[in-house]
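Chemist: Coordinates in work_20.csv, CSV, C-alpha atoms, are listed below.
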chain,number,residue,atom,x,y,z
A,1,MET,CA,27.9,-0.3,11.5
A,2,ALA,CA,27.9,3.4,12.6
A,3,GLY,CA,27.5,6.1,10.0
A,4,LYS,CA,26.0,3.8,7.4
A,5,LEU,CA,23.0,5.2,5.5
A,6,THR,CA,20.0,2.9,5.2
A,7,ASP,CA,17.6,2.9,2.3
A,8,GLN,CA,15.1,4.6,4.5
A,9,ASP,CA,17.6,7.4,5.3
A,10,ILE,CA,18.3,7.9,1.6
A,11,ALA,CA,14.6,7.9,0.7
A,12,ASN,CA,13.9,10.4,3.4
A,13,SER,CA,16.6,12.7,2.2
A,14,MET,CA,15.4,12.5,-1.4
A,15,LEU,CA,11.8,13.3,-0.3
A,16,ASN,CA,13.0,16.3,1.7
A,17,ASP,CA,15.1,17.5,-1.2
A,18,TYR,CA,12.1,17.3,-3.6
A,19,LYS,CA,9.9,19.2,-1.1
A,20,LEU,CA,12.5,21.9,-1.0
A,21,MET,CA,12.9,21.9,-4.8
A,22,CYS,CA,9.2,22.2,-5.3
A,23,SER,CA,9.0,25.1,-2.9
A,24,SER,CA,11.8,26.9,-4.7
A,25,LEU,CA,10.2,26.3,-8.1
A,26,ASN,CA,6.9,27.7,-6.8
A,27,THR,CA,8.8,30.9,-6.0
A,28,TYR,CA,10.5,30.9,-9.4
A,29,ILE,CA,7.2,30.5,-11.2
A,30,SER,CA,5.5,33.3,-9.3
A,31,GLU,CA,8.4,35.7,-10.1
A,32,ALA,CA,9.1,34.7,-13.7
A,33,GLN,CA,8.5,37.6,-16.1
A,34,ASN,CA,9.2,35.5,-19.3
A,35,VAL,CA,6.3,33.3,-20.2
A,36,SER,CA,8.5,30.6,-21.8
A,37,ILE,CA,10.7,30.3,-18.7
A,38,ARG,CA,7.6,30.3,-16.5
A,39,ASN,CA,6.1,27.4,-18.5
A,40,ASP,CA,9.4,25.5,-18.3
A,41,TYR,CA,9.5,26.0,-14.6
A,42,MET,CA,5.9,24.7,-14.4
A,43,SER,CA,6.7,21.6,-16.4
A,44,ILE,CA,9.7,20.9,-14.1
A,45,LEU,CA,7.5,21.5,-11.1
A,46,GLN,CA,5.0,19.0,-12.3
A,47,ASN,CA,7.7,16.4,-12.9
A,48,SER,CA,9.1,17.1,-9.5
A,49,TYR,CA,5.7,16.6,-7.8
A,50,ASP,CA,5.4,13.3,-9.7
A,51,ILE,CA,8.8,12.1,-8.5
A,52,GLN,CA,8.1,13.3,-5.0
A,53,LYS,CA,4.8,11.3,-5.0
A,54,GLU,CA,6.6,8.1,-6.2
A,55,ILE,CA,9.1,8.5,-3.4
A,56,PHE,CA,6.3,9.1,-0.8
A,57,ASP,CA,4.3,6.1,-2.1
A,58,THR,CA,7.4,3.8,-1.9
A,59,MET,CA,8.2,5.0,1.7
A,60,ASN,CA,4.5,4.6,2.7
A,61,LYS,CA,4.3,1.1,1.3
A,62,LYS,CA,7.5,0.1,3.2
A,63,GLY,CA,6.1,1.6,6.4
A,64,TRP,CA,8.7,4.4,6.5
A,65,TYR,CA,6.3,7.2,6.2
A,66,GLU,CA,2.9,6.5,7.7
A,67,VAL,CA,0.1,9.1,7.4
A,68,LYS,CA,-3.0,9.0,9.6
A,69,PRO,CA,-6.1,9.0,7.3
A,70,ALA,CA,-8.2,12.1,7.5
A,71,ASN,CA,-11.6,12.1,9.1
A,72,VAL,CA,-14.3,12.4,6.5
A,73,SER,CA,-16.1,15.1,8.5
A,74,ASP,CA,-12.9,17.1,8.7
A,75,ILE,CA,-12.4,16.9,5.0
A,76,ALA,CA,-16.0,18.1,4.4
A,77,LYS,CA,-15.5,20.9,6.9
A,78,ALA,CA,-12.3,22.1,5.1
A,79,GLN,CA,-13.9,21.9,1.7
A,80,ASN,CA,-16.9,23.9,2.9
A,81,GLN,CA,-14.6,26.5,4.6
A,82,TYR,CA,-12.7,27.1,1.3
A,83,ALA,CA,-15.5,26.6,-1.2
A,84,ASN,CA,-16.6,30.2,-0.8
A,85,VAL,CA,-13.2,31.9,-0.8
A,86,GLN,CA,-13.0,34.5,-3.5
A,87,LEU,CA,-9.6,35.4,-4.9
Output the file's structure in the form of structure tokens.
Modeler:
Amino acid sequence: MAGKLTDQDIANSMLNDYKLMCSSLNTYISEAQNVSIRNDYMSILQNSYDIQKEIFDTMNKKGWYEVKPANVSDIAKAQNQYANVQL
């Protein structure tokens, strides 16, 4: 039936919505002047990341979102590259 959303479509939309929400929350946190509000945003952000991970894990388990495993030498190279970065 045309126009019918599948479970995969809904999960993909939810994952994208959470990615956008996390991005927005990062901005809110970095611009918050009130410590209490900043802490609230940080708590909401952590919860949002947790839910996003659950959605991703479910999609990955069902084969709807497959990720190629990283090469061990590429991981080590990236870690070494950023290990000496001073902020």
Chemist: Rounded to one decimal, what separation in Å do you get between atom CA of A:Gly3 and atom CA of A:Asn16?
Modeler: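 Taking atom CA of A:Gly3 and atom CA of A:Asn16, their separation equals 19.6 Å.
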Chemist: Neighbouring residues of A:Lys53 were defined as those with any atom within 10 Å, considering only C-alpha atoms; residues of the same chain fewer than 6 positions away were excluded. Please report them as a ChimeraX atom specification.
Modeler: /A:15,18,47,59
Chemist: What gap, in Å, lies between atom CA of A:Glu31 and atom CA of A:Met14?
Modeler: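 These two atoms are separated by 25.7 Å.
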Chemist: Need the shell around A:Trp64: protein/DNA/RNA residues with any atom at most 12 Å away, counting all atoms listed in the file. Skip same-chain ones fewer than 6 positions apart. Format as a PyMOL selection string?
Modeler: chain A and resi 6-12+15+55-58
Chemist: Would you mind reading off the distance between atom CA of A:Leu45 and atom CA of A:Gln33, one decimal, in Å?
Modeler: 16.9 Å
Chemist: From the set A:Lys19, A:Gln79, A:Val72, A:Leu25, which residue has the shortest atom-to-atom contact distance to A:Arg38, counting all atoms listed in the file?
Modeler: A:Leu25
